[in-house]
file upload_4.cif (mmCIF, C-alpha atoms)
data_data
#
loop_
_atom_site.label_atom_id
_atom_site.label_comp_id
_atom_site.auth_asym_id
_atom_site.auth_seq_id
_atom_site.Cartn_x
_atom_site.Cartn_y
_atom_site.Cartn_z
CA MET A 1 186.96 131.54 110.49
CA ASN A 2 186.64 135.07 111.78
CA ASN A 3 188.20 137.35 109.17
CA LYS A 4 189.38 139.69 111.92
CA ASP A 5 191.95 137.00 112.72
CA LEU A 6 192.88 136.53 109.07
CA ASN A 7 196.49 136.97 108.06
CA ALA A 8 197.33 138.92 104.93
CA ARG A 9 198.87 136.08 102.94
CA GLN A 10 195.85 133.81 103.41
CA ALA A 11 193.44 136.58 102.45
CA ILE A 12 195.34 137.49 99.29
CA GLU A 13 195.51 133.86 98.16
CA ARG A 14 191.82 133.45 98.91
CA ILE A 15 190.83 136.46 96.80
CA LYS A 16 193.02 135.35 93.90
CA LYS A 17 191.59 131.84 94.00
CA VAL A 18 187.98 133.04 93.93
CA TYR A 19 188.70 135.51 91.10
CA LYS A 20 190.66 132.94 89.10
CA ASN A 21 187.96 130.24 89.42
CA MET A 22 185.02 132.55 88.73
CA GLU A 23 184.98 131.87 85.00
CA LYS A 24 185.18 128.13 85.60
CA VAL A 25 182.26 128.29 88.03
CA LEU A 26 180.17 130.24 85.51
CA ASP A 27 180.92 127.76 82.74
CA SER A 28 179.84 124.91 85.01
CA LEU A 29 176.29 126.27 85.35
CA PRO A 30 173.69 123.97 83.72
CA ASP A 31 172.44 124.68 80.22
CA ALA A 32 169.22 126.00 81.73
CA PHE A 33 171.25 129.11 82.43
CA PRO A 34 171.59 130.76 78.98
CA LYS A 35 175.11 131.02 77.56
CA SER A 36 174.46 134.66 76.67
CA MET A 37 173.85 135.44 80.36
CA LYS A 38 177.04 133.64 81.36
CA ASN A 39 179.00 135.79 78.93
CA GLN A 40 177.32 138.94 80.22
CA ILE A 41 178.37 138.20 83.80
CA LYS A 42 181.92 137.44 82.67
CA GLU A 43 182.08 140.80 80.96
CA LEU A 44 180.66 142.61 83.98
CA VAL A 45 183.15 140.95 86.34
CA PHE A 46 186.34 140.72 84.31
CA ASP A 47 185.95 144.07 82.55
CA ASP A 48 185.21 145.90 85.80
CA GLU A 49 188.00 148.45 86.33
CA ASP A 50 187.74 148.43 90.13
CA LEU A 51 188.08 144.66 90.36
CA SER A 52 190.94 144.58 87.86
CA LYS A 53 192.70 147.30 89.80
CA LEU A 54 192.29 145.43 93.08
CA MET A 55 193.73 142.23 91.63
CA SER A 56 196.71 144.18 90.31
CA GLU A 57 197.21 145.84 93.70
CA LEU A 58 197.37 142.47 95.43
CA ASP A 59 200.35 141.56 93.23
CA HIS A 60 202.05 144.95 93.34
CA HIS A 61 202.48 146.30 96.82
CA ARG A 62 205.23 146.64 99.37
CA PRO A 63 205.42 146.92 103.15
CA PRO A 64 205.09 150.53 104.31
CA LYS A 65 208.19 151.97 105.93
CA ILE A 66 207.37 153.67 109.21
CA PHE A 67 209.82 155.78 111.18
CA LEU A 68 208.95 155.76 114.88
CA ILE A 69 210.51 158.27 117.21
CA GLY A 70 209.70 158.56 120.88
CA ARG A 71 211.16 158.08 124.30
CA THR A 72 211.39 154.78 126.11
CA GLY A 73 208.03 153.69 127.50
CA VAL A 74 205.74 155.51 125.05
CA GLY A 75 204.53 152.17 123.68
CA LYS A 76 206.00 152.02 120.19
CA SER A 77 205.82 148.24 119.83
CA SER A 78 202.32 148.11 121.30
CA LEU A 79 201.19 150.73 118.78
CA ILE A 80 202.33 148.55 115.89
CA ASN A 81 200.39 145.65 117.38
CA ALA A 82 197.38 147.91 117.85
CA ILE A 83 197.22 149.17 114.27
CA SER A 84 197.66 145.66 112.86
CA GLY A 85 195.34 143.99 115.36
CA LYS A 86 197.92 141.24 115.83
CA TYR A 87 200.86 140.54 118.08
CA LEU A 88 203.71 141.14 115.65
CA ALA A 89 206.98 140.19 117.29
CA PRO A 90 210.16 141.66 115.78
CA VAL A 91 211.11 138.38 114.12
CA ASN A 92 213.87 139.86 112.00
CA ASP A 93 216.18 142.34 113.71
CA VAL A 94 217.77 143.75 110.56
CA TYR A 95 219.92 146.31 112.29
CA SER A 96 220.37 146.99 115.96
CA ASN A 97 222.18 149.78 117.71
CA THR A 98 220.51 150.77 120.96
CA GLN A 99 222.24 154.14 121.06
CA TYR A 100 220.78 155.19 117.73
CA ALA A 101 218.10 153.11 116.00
CA ASN A 102 216.66 149.62 115.63
CA LYS A 103 215.31 148.48 112.27
CA TYR A 104 212.71 145.74 112.40
CA ASP A 105 210.68 143.76 109.94
CA TYR A 106 207.30 143.09 111.51
CA VAL A 107 206.33 139.68 110.21
CA ASP A 108 203.08 137.72 110.24
CA ASP A 109 202.92 134.15 108.93
CA GLY A 110 206.23 134.60 107.13
CA LYS A 111 205.13 137.79 105.39
CA VAL A 112 206.70 141.17 106.08
CA LEU A 113 203.80 143.52 106.85
CA MET A 114 205.71 146.63 107.88
CA GLU A 115 209.27 147.84 108.08
CA ILE A 116 209.99 149.89 111.17
CA LEU A 117 212.84 152.21 112.05
CA ASP A 118 212.60 152.63 115.82
CA THR A 119 214.52 155.47 117.47
CA ARG A 120 214.58 156.99 120.91
CA GLY A 121 213.90 160.62 121.61
CA ILE A 122 216.99 162.77 121.22
CA ALA A 123 217.05 163.36 124.97
CA GLU A 124 217.90 159.67 125.39
CA SER A 125 220.27 159.31 122.47
CA ILE A 126 223.99 159.52 123.11
CA ALA A 127 227.05 159.45 120.94
CA ILE A 128 229.30 156.39 121.12
CA ASP A 129 232.41 158.29 120.14
CA ASN A 130 233.50 161.71 118.98
CA LYS A 131 233.45 160.86 115.28
CA ILE A 132 229.71 161.36 114.78
CA SER A 133 227.02 162.80 116.99
CA ALA A 134 223.86 160.92 117.94
CA GLU A 135 221.82 163.51 116.02
CA ASP A 136 223.80 163.05 112.80
CA MET A 137 223.74 159.29 113.12
CA ILE A 138 219.95 159.22 113.43
CA LYS A 139 219.60 161.56 110.45
CA LYS A 140 221.80 159.22 108.46
CA GLU A 141 219.69 156.23 109.46
CA VAL A 142 216.49 158.02 108.43
CA ASN A 143 217.86 159.02 105.03
CA THR A 144 219.06 155.48 104.42
CA PHE A 145 215.76 153.96 105.49
CA LEU A 146 213.63 156.38 103.40
CA PRO A 147 210.42 156.14 105.45
CA ASP A 148 206.99 156.69 103.95
CA VAL A 149 205.78 158.36 107.14
CA CYS A 150 207.01 159.33 110.59
CA ILE A 151 205.07 158.71 113.79
CA PHE A 152 206.19 160.99 116.61
CA MET A 153 205.07 159.24 119.79
CA LEU A 154 204.39 160.92 123.10
CA ASN A 155 203.17 159.67 126.46
CA ALA A 156 199.77 160.97 127.56
CA SER A 157 200.36 159.97 131.17
CA HIS A 158 203.55 162.06 131.51
CA ARG A 159 203.65 165.68 130.38
CA ASP A 160 207.29 165.58 129.35
CA ASP A 161 209.36 168.54 128.27
CA ILE A 162 209.68 167.57 124.64
CA ASN A 163 211.19 170.78 123.30
CA SER A 164 214.47 169.08 122.40
CA ASP A 165 212.63 166.24 120.63
CA VAL A 166 210.50 168.71 118.66
CA ASP A 167 213.57 170.70 117.64
CA PHE A 168 215.41 167.57 116.58
CA LEU A 169 212.48 166.15 114.62
CA ARG A 170 212.18 169.49 112.81
CA GLU A 171 215.87 169.18 111.89
CA ILE A 172 215.29 165.63 110.64
CA SER A 173 212.37 166.84 108.54
CA GLU A 174 214.40 169.67 107.01
CA ASP A 175 217.37 167.37 106.38
CA TYR A 176 215.09 164.78 104.77
CA ARG A 177 213.58 167.39 102.44
CA LYS A 178 217.04 168.66 101.50
CA ASN A 179 218.44 165.21 100.75
CA ASN A 180 215.43 163.61 99.08
CA GLY A 181 213.47 166.48 97.59
CA VAL A 182 210.22 165.44 99.29
CA GLU A 183 208.49 166.13 102.57
CA LEU A 184 208.53 163.59 105.38
CA PRO A 185 204.92 163.29 106.57
CA ILE A 186 204.74 163.43 110.37
CA ILE A 187 201.86 162.24 112.53
CA THR A 188 201.98 162.88 116.25
CA VAL A 189 200.45 160.13 118.36
CA ILE A 190 199.82 160.79 122.05
CA ASN A 191 199.68 157.23 123.31
CA LYS A 192 198.45 155.69 126.56
CA VAL A 193 195.38 157.88 127.02
CA ASP A 194 193.90 154.90 128.90
CA GLU A 195 196.23 155.81 131.78
CA LEU A 196 194.76 159.29 132.16
CA ALA A 197 192.49 159.85 135.14
CA PRO A 198 190.20 158.24 135.98
CA SER A 199 192.54 155.40 134.98
CA ARG A 200 190.17 152.65 136.09
CA PHE A 201 188.18 153.13 132.88
CA LYS A 202 189.98 151.09 130.22
CA ASP A 203 187.17 150.44 127.76
CA PRO A 204 186.93 153.45 125.39
CA LYS A 205 183.15 152.99 125.22
CA GLU A 206 183.04 153.71 128.95
CA TYR A 207 185.34 156.75 129.05
CA PRO A 208 183.59 159.38 131.22
CA ILE A 209 183.46 163.06 130.32
CA SER A 210 186.27 163.82 132.77
CA LYS A 211 188.62 161.39 131.01
CA ASN A 212 187.77 162.80 127.59
CA ASN A 213 188.40 166.30 128.96
CA ASN A 214 191.83 165.16 130.17
CA ILE A 215 192.55 163.78 126.70
CA ASP A 216 191.68 167.16 125.20
CA GLU A 217 193.96 168.92 127.67
CA VAL A 218 196.98 166.75 126.93
CA ILE A 219 196.45 167.30 123.19
CA LYS A 220 196.46 171.06 123.77
CA TYR A 221 199.57 170.81 125.95
CA TYR A 222 201.66 168.92 123.43
CA GLY A 223 200.08 170.73 120.48
CA GLN A 224 201.23 174.06 121.87
CA ILE A 225 204.83 172.85 122.23
CA ILE A 226 204.83 171.42 118.70
CA MET A 227 203.42 174.63 117.22
CA GLU A 228 205.85 176.87 119.09
CA GLY A 229 208.71 174.61 118.02
CA GLY A 230 207.85 175.17 114.37
CA LEU A 231 207.33 171.48 113.66
CA GLU A 232 204.82 170.85 110.89
CA VAL A 233 202.74 167.73 111.50
CA ASN A 234 199.85 166.30 109.53
CA GLU A 235 197.79 165.48 112.60
CA ILE A 236 197.97 165.22 116.38
CA LEU A 237 195.99 162.21 117.55
CA PRO A 238 195.26 160.67 120.97
CA ALA A 239 195.50 156.91 121.16
CA SER A 240 195.48 153.89 123.40
CA SER A 241 197.28 150.74 122.30
CA LEU A 242 195.93 148.74 125.21
CA ILE A 243 195.35 145.12 124.27
CA GLU A 244 195.24 142.16 126.62
CA TRP A 245 196.23 138.99 124.81
CA GLN A 246 195.05 135.46 125.34
CA ILE A 247 195.89 132.00 124.06
CA ASP A 248 193.48 129.07 124.16
CA GLY A 249 191.03 131.24 126.09
CA GLU A 250 193.55 132.07 128.83
CA PHE A 251 194.90 135.59 129.35
CA ILE A 252 198.66 135.83 129.25
CA ASP A 253 200.84 138.40 130.97
CA THR A 254 202.65 140.79 128.65
CA LEU A 255 206.05 139.84 130.03
CA ALA A 256 205.31 136.13 129.56
CA ILE A 257 204.52 136.72 125.88
CA ASN A 258 208.18 137.39 125.20
CA ASP A 259 209.01 133.82 126.24
CA LEU A 260 206.57 132.22 123.80
CA PRO A 261 207.93 130.39 120.75
CA PRO A 262 207.03 131.88 117.33
CA ALA A 263 204.38 129.22 116.68
CA GLU A 264 202.49 130.19 119.83
CA LEU A 265 202.86 133.89 119.11
CA GLU A 266 200.78 133.34 115.98
CA GLU A 267 198.06 131.77 118.14
CA LEU A 268 197.64 134.87 120.31
CA GLU A 269 194.20 136.47 120.16
CA ILE A 270 192.79 139.70 121.52
CA GLY A 271 191.16 138.97 124.87
CA PHE A 272 190.40 142.56 125.83
CA ASP A 273 190.40 145.38 123.31
CA GLY A 274 191.09 148.75 124.90
CA ARG A 275 192.27 150.44 121.71
CA TYR A 276 191.31 154.06 121.23
CA GLY A 277 191.83 156.30 118.21
CA ILE A 278 193.48 153.58 116.09
CA GLU A 279 191.03 153.83 113.20
CA LYS A 280 191.66 157.58 112.99
CA LEU A 281 195.39 156.90 113.04
CA LEU A 282 195.02 154.45 110.16
CA ASP A 283 193.03 157.07 108.25
CA ALA A 284 195.83 159.57 108.91
CA LEU A 285 198.48 157.09 107.73
CA GLU A 286 196.55 156.39 104.54
CA ASN A 287 196.19 160.12 103.90
CA SER A 288 199.89 160.73 104.57
CA ILE A 289 201.58 157.95 102.58
CA SER A 290 202.08 159.14 99.01
CA ASP A 291 203.68 156.01 97.50
CA TYR A 292 200.80 153.97 96.11
CA ASP A 293 202.42 150.54 96.56
CA ALA A 294 203.18 151.35 100.20
CA LEU A 295 199.62 152.60 100.72
CA ILE A 296 198.22 149.29 99.45
CA GLY A 297 200.72 147.49 101.66
CA LEU A 298 199.39 149.39 104.67
CA LYS A 299 195.81 148.45 103.82
CA ILE A 300 196.78 144.80 103.41
CA ALA A 301 198.68 144.84 106.70
CA CYS A 302 196.08 146.66 108.78
CA ARG A 303 192.76 146.69 106.94
CA MET A 304 192.51 143.34 105.18
CA GLU A 305 188.94 142.84 106.33
CA ASN A 306 188.00 146.17 104.73
CA ILE A 307 189.48 144.97 101.44
CA LEU A 308 187.36 141.82 101.63
CA ILE A 309 184.26 143.85 102.46
CA ASN A 310 184.84 146.29 99.60
CA LEU A 311 185.39 143.42 97.17
CA THR A 312 182.23 141.70 98.39
CA ASP A 313 180.23 144.91 98.05
CA LYS A 314 181.46 145.24 94.47
CA LEU A 315 180.33 141.71 93.60
CA ILE A 316 176.95 142.31 95.25
CA LYS A 317 176.49 145.47 93.18
CA ILE A 318 177.41 143.68 89.95
CA PHE A 319 175.16 140.69 90.57
CA ALA A 320 172.21 142.74 91.85
CA GLY A 321 172.44 144.93 88.79
CA PHE A 322 172.54 141.90 86.54
CA ALA A 323 169.54 140.37 88.33
CA GLY A 324 167.63 143.56 87.58
CA THR A 325 168.69 143.33 83.94
CA ILE A 326 167.34 139.78 83.71
CA ALA A 327 163.99 140.92 85.12
CA LEU A 328 163.79 143.80 82.63
CA THR A 329 163.42 141.17 79.95
CA PRO A 330 160.06 139.67 80.97
CA ILE A 331 160.43 136.03 81.93
CA PRO A 332 157.59 133.75 83.04
CA VAL A 333 157.10 133.86 86.77
CA ALA A 334 157.40 130.11 86.84
CA ASP A 335 160.79 130.25 85.11
CA VAL A 336 162.98 131.97 87.68
CA TYR A 337 165.97 129.64 87.38
CA PRO A 338 168.37 132.30 86.00
CA LEU A 339 167.60 134.61 88.91
CA ILE A 340 167.98 131.87 91.53
CA ALA A 341 171.21 130.72 89.87
CA ILE A 342 172.58 134.25 90.05
CA GLN A 343 171.84 134.42 93.77
CA ILE A 344 173.37 131.00 94.48
CA LEU A 345 176.47 131.92 92.50
CA LEU A 346 176.84 135.19 94.42
CA VAL A 347 176.58 133.42 97.77
CA SER A 348 179.12 130.82 96.60
CA LEU A 349 181.66 133.52 95.68
CA ILE A 350 181.19 135.37 98.96
CA ALA A 351 181.58 132.08 100.83
CA GLY A 352 184.83 131.54 98.96
CA LEU A 353 186.11 134.97 100.00
CA GLY A 354 185.22 134.01 103.56
CA GLY A 355 187.30 130.84 103.32
CA ARG A 356 184.36 128.44 102.98
CA ASP A 357 183.45 125.81 100.43
CA VAL A 358 182.66 127.35 97.04
CA SER A 359 179.75 125.24 95.84
CA ALA A 360 176.12 125.50 94.88
CA LYS A 361 175.29 123.03 97.63
CA SER A 362 176.81 125.14 100.43
CA ALA A 363 175.14 128.24 98.97
CA ARG A 364 171.74 126.55 99.00
CA GLU A 365 172.33 125.43 102.58
CA PHE A 366 173.04 129.04 103.54
CA LEU A 367 169.86 130.24 101.82
CA VAL A 368 167.87 127.63 103.71
CA SER A 369 169.50 128.57 107.02
CA ILE A 370 168.54 132.25 106.72
CA GLY A 371 165.04 131.45 105.43
CA ALA A 372 165.64 132.66 101.88
CA VAL A 373 164.49 129.49 100.16
CA GLY A 374 160.71 129.48 100.16
CA VAL A 375 160.72 133.08 101.39
CA THR A 376 162.48 135.08 98.73
CA GLY A 377 160.96 133.18 95.84
CA ASN A 378 157.42 133.26 97.19
CA ILE A 379 157.40 136.85 98.39
CA PHE A 380 159.07 138.36 95.35
CA ARG A 381 157.09 136.32 92.86
CA PHE A 382 153.85 137.24 94.65
CA THR A 383 154.80 140.91 94.76
CA ALA A 384 155.69 140.97 91.07
CA GLN A 385 152.40 139.34 90.14
CA GLN A 386 150.39 141.88 92.13
CA ILE A 387 152.25 144.81 90.58
CA LEU A 388 151.63 143.47 87.08
CA LYS A 389 147.91 143.36 87.85
CA PHE A 390 147.55 146.89 89.19
CA VAL A 391 150.19 148.84 87.24
CA PRO A 392 149.81 147.83 83.57
CA GLY A 393 152.85 148.61 81.44
CA ALA A 394 155.17 149.14 84.42
CA GLY A 395 155.54 145.52 85.47
CA SER A 396 158.93 144.84 83.89
CA ALA A 397 160.68 147.87 85.39
CA ILE A 398 159.27 147.30 88.84
CA SER A 399 160.01 143.57 88.78
CA ALA A 400 163.60 144.49 87.89
CA SER A 401 163.89 146.54 91.07
CA ILE A 402 162.44 143.64 93.04
CA ALA A 403 164.94 141.19 91.54
CA ALA A 404 167.82 143.56 92.24
CA PHE A 405 166.65 144.16 95.81
CA GLY A 406 166.25 140.45 96.51
CA THR A 407 169.71 139.65 95.16
CA LYS A 408 171.34 142.50 97.07
CA THR A 409 169.62 141.49 100.30
CA ILE A 410 170.85 137.92 99.94
CA GLY A 411 174.34 139.18 99.12
CA ASP A 412 174.36 141.45 102.17
CA ALA A 413 173.31 138.54 104.37
CA ALA A 414 176.12 136.40 102.96
CA LYS A 415 178.61 139.20 103.59
CA LYS A 416 177.54 139.50 107.23
CA TYR A 417 177.91 135.78 107.80
CA TYR A 418 180.95 134.79 105.72
CA ILE A 419 183.02 137.99 105.83
CA GLU A 420 182.04 139.81 109.01
CA GLY A 421 181.52 136.68 111.08
CA ILE A 422 178.07 137.61 112.39
CA ASP A 423 176.04 134.80 113.95
CA ILE A 424 173.73 133.04 111.48
CA LYS A 425 170.68 133.57 113.72
CA LYS A 426 171.16 137.33 113.69
CA VAL A 427 171.84 137.29 109.95
CA SER A 428 168.60 135.38 109.39
CA LYS A 429 166.64 137.76 111.63
CA ASP A 430 167.97 140.84 109.83
CA TYR A 431 167.33 139.28 106.43
CA LYS A 432 163.71 138.39 107.20
CA LYS A 433 163.14 141.87 108.61
CA LYS A 434 164.31 143.48 105.36
CA ILE A 435 162.11 141.16 103.30
CA LYS A 436 159.10 141.93 105.49
CA GLU A 437 159.68 145.69 105.18
CA GLU A 438 159.95 145.41 101.39
CA LYS A 439 156.76 143.39 101.21
CA LYS A 440 154.89 146.13 103.14
CA LYS A 441 156.18 148.77 100.69
CA SER A 442 154.90 146.74 97.77
#
call {"tool": "encode", "arguments": {"input": "upload_4.cif", "output": "structure tokens"}}
result
Amino acid sequence: MNNKDLNARQAIERIKKVYKNMEKVLDSLPDAFPKSMKNQIKELVFDDEDLSKLMSELDHHRPPKIFLIGRTGVGKSSLINAISGKYLAPVNDVYSNTQYANKYDYVDDGKVLMEILDTRGIAESIAIDNKISAEDMIKKEVNTFLPDVCIFMLNASHRDDINSDVDFLREISEDYRKNNGVELPIITVINKVDELAPSRFKDPKEYPISKNNNIDEVIKYYGQIIMEGGLEVNEILPASSLIEWQIDGEFIDTLAINDLPPAELEELEIGFDGRYGIEKLLDALENSISDYDALIGLKIACRMENILINLTDKLIKIFAGFAGTIALTPIPVADVYPLIAIQILLVSLIAGLGGRDVSAKSAREFLVSIGAVGVTGNIFRFTAQQILKFVPGAGSAISASIAAFGTKTIGDAAKKYYIEGIDIKKVSKDYKKKIKEEKKKS
């Protein structure tokens, strides 16, 4: 499975399962692995503050509440899809009033990832009757919704006169501060930069200088209006939400997507990725959301793969450090079982995080496939022996660094394959290259 296509619920359950079974896996190691070492690893893993914090976060988070404001056609729905990397249809229309605001729960695999309050620009909002104005109704909706952040969306391909929208959003911000005692963070997103000339370039990696210059110009244009209107925003960011979706390898027209049943919507995959500036937007959202539970919810909704990578890196660091500790206590070169067991266990845990079989057998198969078996043992044992011969008294410390390096290198290879979805041939090539470079150094 490619973790880029992983839904949040599956990932959370996977992490919990691996963490919960870790002690059981350690206890199942043969007696050749000393009990004292088993207990040391347990302490390193289960007493680690970062890991404990992560596990707590997975149980205590909530969907971020995002207030979107922008005129029809700016691409509000496509932006939500772009930041999540999934086609999130508005499964649950909690409240709908086209004159004022629509409140949606964006759902993936039965889990609410984000709550969205979607409003038009004030220039398009009208009052239904004389009892309450459109402006006051939208303010009321915002104060009821209590968003964590506001995204003010503009269209890069049309240089609209947005003075009225800027003035109104400033009023909303002031009203929100007055009623709730806190600031409403605002991020301005200038969407659809892919439509700027030359519009034939849709892949951000191929944007020519002229297109990037046009992006800079539109930022200056809207930035000037926002500044003169006295609206305080956290950031002004250009973006493209362009994604072409496919199902079963076939591209599907955007309009046809709306006719798909929910089950098929979940099968949609990104066929062409023309997104631009989305990572910076996610950074801005993380920096702007002050509620910690909502911040974790945003990361789970939009950056689940990063959570898996960070967790994997933490395990690699713990196990590499422990491998070095084992080597500090001189052990016969022939008796390297504890070190090999540590490496197999690490690969097994990373495989589990990647949704694969958590077993010593599958870990050994991975080590064979990348060339670690018969390579790591031989090279690192040989290197350690040579160092002991030529640097008397320093052998233990240097062999510790070798053991730590070998374990980290294997862990990194497992992360690339199981978590990042990199082809096993490339993983093997990169692994052998690192081993070869280390052998030259030694």
call {"tool": "residues_near_point", "arguments": {"input": "upload_4.cif", "point": "(216.7, 169.3, 115.9)", "cutoff": "10 Å", "atoms": "only C-alpha atoms", "output": "JSON, numbers by chain"}}
result
{"A": [122, 135, 136, 139, 163, 164, 165, 166, 167, 168, 169, 170, 171, 172, 173, 174, 175, 229, 231]}
call {"tool": "resolve_selection", "arguments": {"input": "upload_4.cif", "expression": "the PyMOL selection byres ((chain A and resi 363) around 10)", "output": "list of chain:residue names"}}
result
A:Gln343, A:Ile344, A:Leu345, A:Leu346, A:Val347, A:Ser348, A:Leu349, A:Ile350, A:Ala351, A:Asp357, A:Val358, A:Ser359, A:Ala360, A:Lys361, A:Ser362, A:Arg364, A:Glu365, A:Phe366, A:Leu367, A:Val368, A:Ser369, A:Ala414
call {"tool": "write_last_selection", "arguments": {"input": "upload_4.cif", "atoms": "C-alpha atoms", "output": "JSON list (two decimals), keeping the file's coordinate frame"}}
result
[["chain", "number", "residue", "atom", "x", "y", "z"],
["A", 343, "GLN", "CA", 171.84, 134.42, 93.77],
["A", 344, "ILE", "CA", 173.37, 131.00, 94.48],
["A", 345, "LEU", "CA", 176.47, 131.92, 92.50],
["A", 346, "LEU", "CA", 176.84, 135.19, 94.42],
["A", 347, "VAL", "CA", 176.58, 133.42, 97.77],
["A", 348, "SER", "CA", 179.12, 130.82, 96.60],
["A", 349, "LEU", "CA", 181.66, 133.52, 95.68],
["A", 350, "ILE", "CA", 181.19, 135.37, 98.96],
["A", 351, "ALA", "CA", 181.58, 132.08, 100.83],
["A", 357, "ASP", "CA", 183.45, 125.81, 100.43],
["A", 358, "VAL", "CA", 182.66, 127.35, 97.04],
["A", 359, "SER", "CA", 179.75, 125.24, 95.84],
["A", 360, "ALA", "CA", 176.12, 125.50, 94.88],
["A", 361, "LYS", "CA", 175.29, 123.03, 97.63],
["A", 362, "SER", "CA", 176.81, 125.14, 100.43],
["A", 364, "ARG", "CA", 171.74, 126.55, 99.00],
["A", 365, "GLU", "CA", 172.33, 125.43, 102.58],
["A", 366, "PHE", "CA", 173.04, 129.04, 103.54],
["A", 367, "LEU", "CA", 169.86, 130.24, 101.82],
["A", 368, "VAL", "CA", 167.87, 127.63, 103.71],
["A", 369, "SER", "CA", 169.50, 128.57, 107.02],
["A", 414, "ALA", "CA", 176.12, 136.40, 102.96]]
call {"tool": "residues_around", "arguments": {"input": "upload_4.cif", "residues": "Ile151 (chain A)", "least_positions_apart": "6", "cutoff": "6 Å", "atoms": "only C-alpha atoms", "output": "count of residues only"}}
result
4
call {"tool": "closest_residue", "arguments": {"input": "upload_4.cif", "among": "A:Ile422, A:Ile66, A:Val45, A:Leu237", "to": "Ile278 (chain A)", "atoms": "all atoms listed in the file"}}
result
A:Leu237
call {"tool": "resolve_selection", "arguments": {"input": "upload_4.cif", "expression": "the PyMOL selection byres ((chain A and resi 216) around 12)", "output": "PyMOL selection string"}}
result
chain A and resi 156+190+193+196+209-215+217-223+236-239
call {"tool": "write_last_selection", "arguments": {"input": "upload_4.cif", "atoms": "C-alpha atoms", "output": "mmCIF file, keeping the file's coordinate frame"}}
result
data_model
loop_
_atom_site.group_PDB
_atom_site.id
_atom_site.type_symbol
_atom_site.label_atom_id
_atom_site.label_comp_id
_atom_site.auth_asym_id
_atom_site.auth_seq_id
_atom_site.Cartn_x
_atom_site.Cartn_y
_atom_site.Cartn_z
ATOM 1 C CA ALA A 156 199.770 160.970 127.560
ATOM 2 C CA ILE A 190 199.820 160.790 122.050
ATOM 3 C CA VAL A 193 195.380 157.880 127.020
ATOM 4 C CA LEU A 196 194.760 159.290 132.160
ATOM 5 C CA ILE A 209 183.460 163.060 130.320
ATOM 6 C CA SER A 210 186.270 163.820 132.770
ATOM 7 C CA LYS A 211 188.620 161.390 131.010
ATOM 8 C CA ASN A 212 187.770 162.800 127.590
ATOM 9 C CA ASN A 213 188.400 166.300 128.960
ATOM 10 C CA ASN A 214 191.830 165.160 130.170
ATOM 11 C CA ILE A 215 192.550 163.780 126.700
ATOM 12 C CA GLU A 217 193.960 168.920 127.670
ATOM 13 C CA VAL A 218 196.980 166.750 126.930
ATOM 14 C CA ILE A 219 196.450 167.300 123.190
ATOM 15 C CA LYS A 220 196.460 171.060 123.770
ATOM 16 C CA TYR A 221 199.570 170.810 125.950
ATOM 17 C CA TYR A 222 201.660 168.920 123.430
ATOM 18 C CA GLY A 223 200.080 170.730 120.480
ATOM 19 C CA ILE A 236 197.970 165.220 116.380
ATOM 20 C CA LEU A 237 195.990 162.210 117.550
ATOM 21 C CA PRO A 238 195.260 160.670 120.970
ATOM 22 C CA ALA A 239 195.500 156.910 121.160
#
call {"tool": "atom_distance", "arguments": {"input": "upload_4.cif", "atom1": "CA of Met227 (chain A)", "atom2": "CA of Asp283 (chain A)"}}
result
22.3 Å
call {"tool": "closest_residue", "arguments": {"input": "upload_4.cif", "among": "A:Phe319, A:Phe46, A:Tyr276, A:Tyr176", "to": "Ile83 (chain A)", "atoms": "only C-alpha atoms"}}
result
A:Tyr276
call {"tool": "residues_near_point", "arguments": {"input": "upload_4.cif", "point": "(189.6, 148.8, 127.0)", "cutoff": "9 Å", "atoms": "only C-alpha atoms", "output": "ChimeraX atom specification"}}
result
/A:194,201-206,240,242-244,272-276
call {"tool": "write_last_selection", "arguments": {"input": "upload_4.cif", "atoms": "C-alpha atoms", "output": "tab-separated table (two decimals), keeping the file's coordinate frame"}}
result
chain	number	residue	atom	x	y	z
A	194	ASP	CA	193.90	154.90	128.90
A	201	PHE	CA	188.18	153.13	132.88
A	202	LYS	CA	189.98	151.09	130.22
A	203	ASP	CA	187.17	150.44	127.76
A	204	PRO	CA	186.93	153.45	125.39
A	205	LYS	CA	183.15	152.99	125.22
A	206	GLU	CA	183.04	153.71	128.95
A	240	SER	CA	195.48	153.89	123.40
A	242	LEU	CA	195.93	148.74	125.21
A	243	ILE	CA	195.35	145.12	124.27
A	244	GLU	CA	195.24	142.16	126.62
A	272	PHE	CA	190.40	142.56	125.83
A	273	ASP	CA	190.40	145.38	123.31
A	274	GLY	CA	191.09	148.75	124.90
A	275	ARG	CA	192.27	150.44	121.71
A	276	TYR	CA	191.31	154.06	121.23
call {"tool": "residues_around", "arguments": {"input": "upload_4.cif", "residues": "Asp291 (chain A)", "least_positions_apart": "4", "cutoff": "12 Å", "atoms": "all atoms listed in the file", "output": "list in words"}}
result
His60, His61, Arg62, Pro63, Pro64, Lys65, Leu146, Pro147, Asp148, Val149, Val182, Leu184, Pro185, Leu285, Glu286, Asn287, Leu295, Ile296, Gly297 and Leu298 of chain A
call {"tool": "atom_distance", "arguments": {"input": "upload_4.cif", "atom1": "CA of Leu308 (chain A)", "atom2": "CA of Thr407 (chain A)"}}
result
18.9 Å
